[in-house]
Amino acid sequence: MRKSYLGVLAAAGAWLLLFALCFRYAPVKETFAATNSRAECVAEISSRRFLFDRNADVDLPMASTTKVLTAIIVIDDCSLDETISIPKEAEGVEGSSAYLRAGDEYTVRDLLYGLMLRSGNDCAETLALHHSGSIKAFAQAMNKKASSLGAEHSRFVNPHGLPAKGHYTTARDLALIAAYAMENETFREIVSCKYYRPRHWQNKNKMLWNYEGAIGVKTGFTVAAGRCLVTSAERDGMKLVCVVLNSPQMYERTAELLDEAFRSYRMVTLCDKSKQIEKLTAKEDFIYPLTAEEEKAVTVQIEKIQPQPTQKGEFAGQMKIFLKNDLLFSQNLYMI
């Protein structure tokens with residue numbers, strides 16, 4: 001009986017050892033967020049290359065991340081130092097608020113800070129009315145702008161993102177809108193501001209405090225949309241934008257996605273206009289995000305016209321840069 005008992009123990013011990021070894025060496029992916037987003041993506045801003053996407057083309061509500069588009073339209077089209085009076089229609093708009101009062105005077109710049117730091121729905125309606133005269137007309141301007149930026153699968157009916165029929169975007173579209181906005185110096189200055197002292201407004205976006213390299217942009221929440229976050233961050237000369245929609249742990253998931261992108265990609269100079277290219281010159285640099293493996297797969301093709309011209313600045317050929325079989329970039333070359 002004792003021998004049988006010891007045999008059982010020995011067999012159990014062997015199984016436990018095998019289990020421990022398998023568990024120890026099993027590929028377990030570290031994760032900060034217990035729950036993935038409904039839709040998410042990461043893009044490099046200058047190239048608009050998407051480094052990661054999941055459900056990025058699904059139509060979803062986006063809550064106050066709508067205000068990214070509202071802000072950049074106003075910045076592009078309006079004088080920021082103009083003083084405007086708060087209209088009665090904008091006072092007491094439901095949801096998040098900067099507590100504007102009808103008749104009070106603010107500059108457009110003030111209202112943009114209230115829009116992006118405090119997520120003021122009253123600021124959104126005031127700016128929309130100032131820009132277009134009505135919410136409907138401003139929504140038309142939003143849809144036109146979004147389409148021009150390649151955000152073809154979004155529809156906007158208000159400037160703040162409160163739930164409304166026909167108001168939706170995709171993670172990919174929102175990333176394209178945010179990438180465009182982050183190329184604007186004034187927009188970057190606003191969304192990276194932690195505290196706007198003239199009005200004593202503190203930014204609600206915790207990424208600015210908690211994530212290395214974070215430089216914006218906007219949080220959002222409604223019951224219908226869930227927790228939404230658009231974030232831009234910069235490290236080692238690479239600027240990324242990350243979008244998570246309906247993400248229960250939006251800060252943790254965003255950090256995870258950005259960390260992976262920064263770890264996997266780097267900006268590679270594939271064309272330097274300051275250097276000769278087979279005794280010719282180019283007019284543009286080309287810098288592109290690549291993984292280490294992709295760098296090995298890049299090829300450059302130079303096509304020279306014959307006979308070669310003799311005058312400086314004359315068109316002399318073309319450069320084409322490929323990643324495997326995909327054309328990444330092409331430009332004309334000229335005589336030096």
# chains A, B, ... in the order shown; residues from 1 in each chain; ligands from 1

call {"tool": "residues_around", "arguments": {"residues": "segment 78-92 of chain A", "least_positions_apart": "5", "cutoff": "6 Å", "atoms": "only C-alpha atoms", "output": "PyMOL selection string"}}
result
chain A and resi 100-109+122+125-126

call {"tool": "residues_around", "arguments": {"residues": "Met319 of chain A", "least_positions_apart": "2", "cutoff": "7 Å", "atoms": "only C-alpha atoms", "output": "MDAnalysis selection string"}}
result
chainID A and resid 301:303 321 330:333

call {"tool": "residues_around", "arguments": {"residues": "Ala316 of chain A", "least_positions_apart": "2", "cutoff": "7 Å", "atoms": "only C-alpha atoms", "output": "PyMOL selection string"}}
result
chain A and resi 304-305+308-309+314+333-335

call {"tool": "closest_atom_pairs", "arguments": {"of": "segment 133-217 of chain A", "to": "segment 51-56 of chain A", "cutoff": "10 Å", "atoms": "only C-alpha atoms", "output": "tab-separated table"}}
result
residue	atom	partner	partner_atom	distance
A:Thr169	CA	A:Ala56	CA	9.8
A:Thr170	CA	A:Ala56	CA	6.0
A:Ala171	CA	A:Ala56	CA	4.8
A:Arg172	CA	A:Ala56	CA	5.2
A:Asp173	CA	A:Ala56	CA	8.3
A:Leu174	CA	A:Ala56	CA	9.5
A:Ala175	CA	A:Ala56	CA	9.5

call {"tool": "residues_around", "arguments": {"residues": "Lys273 of chain A", "least_positions_apart": "5", "cutoff": "8 Å", "atoms": "only C-alpha atoms", "output": "PDB file with C-alpha atoms, in the first residue's frame"}}
result
ATOM      1  CA  THR A 281      19.766  65.893 -56.140  1.00  0.00           C
ATOM      2  CA  ALA A 282      16.247  65.648 -54.707  1.00  0.00           C
ATOM      3  CA  LYS A 283      14.031  68.415 -53.366  1.00  0.00           C
ATOM      4  CA  GLU A 284      12.379  66.494 -50.523  1.00  0.00           C
ATOM      5  CA  ASP A 285      13.496  64.336 -47.621  1.00  0.00           C
TER       6      ASP A 285
END

call {"tool": "closest_atom_pairs", "arguments": {"of": "segment 24-93 of chain A", "to": "segment 224-237 of chain A", "cutoff": "6 Å", "atoms": "only C-alpha atoms", "output": "Markdown table"}}
result
| residue | atom | partner | partner_atom | distance |
| --- | --- | --- | --- | --- |
| A:Pro61 | CA | A:Ala225 | CA | 5.0 |
| A:Met62 | CA | A:Ala225 | CA | 5.6 |
| A:Ala63 | CA | A:Ala225 | CA | 5.9 |

call {"tool": "closest_residue", "arguments": {"among": "A:Val223, A:Trp201, A:Asp76, A:Arg188", "to": "Ser97 of chain A", "atoms": "only C-alpha atoms"}}
result
A:Trp201

call {"tool": "residues_around", "arguments": {"residues": "Glu252 of chain A", "least_positions_apart": "2", "cutoff": "12 Å", "atoms": "only C-alpha atoms", "output": "PyMOL selection string"}}
result
chain A and resi 31-37+206-207+210-211+227+229+231+244+247-250+254-259
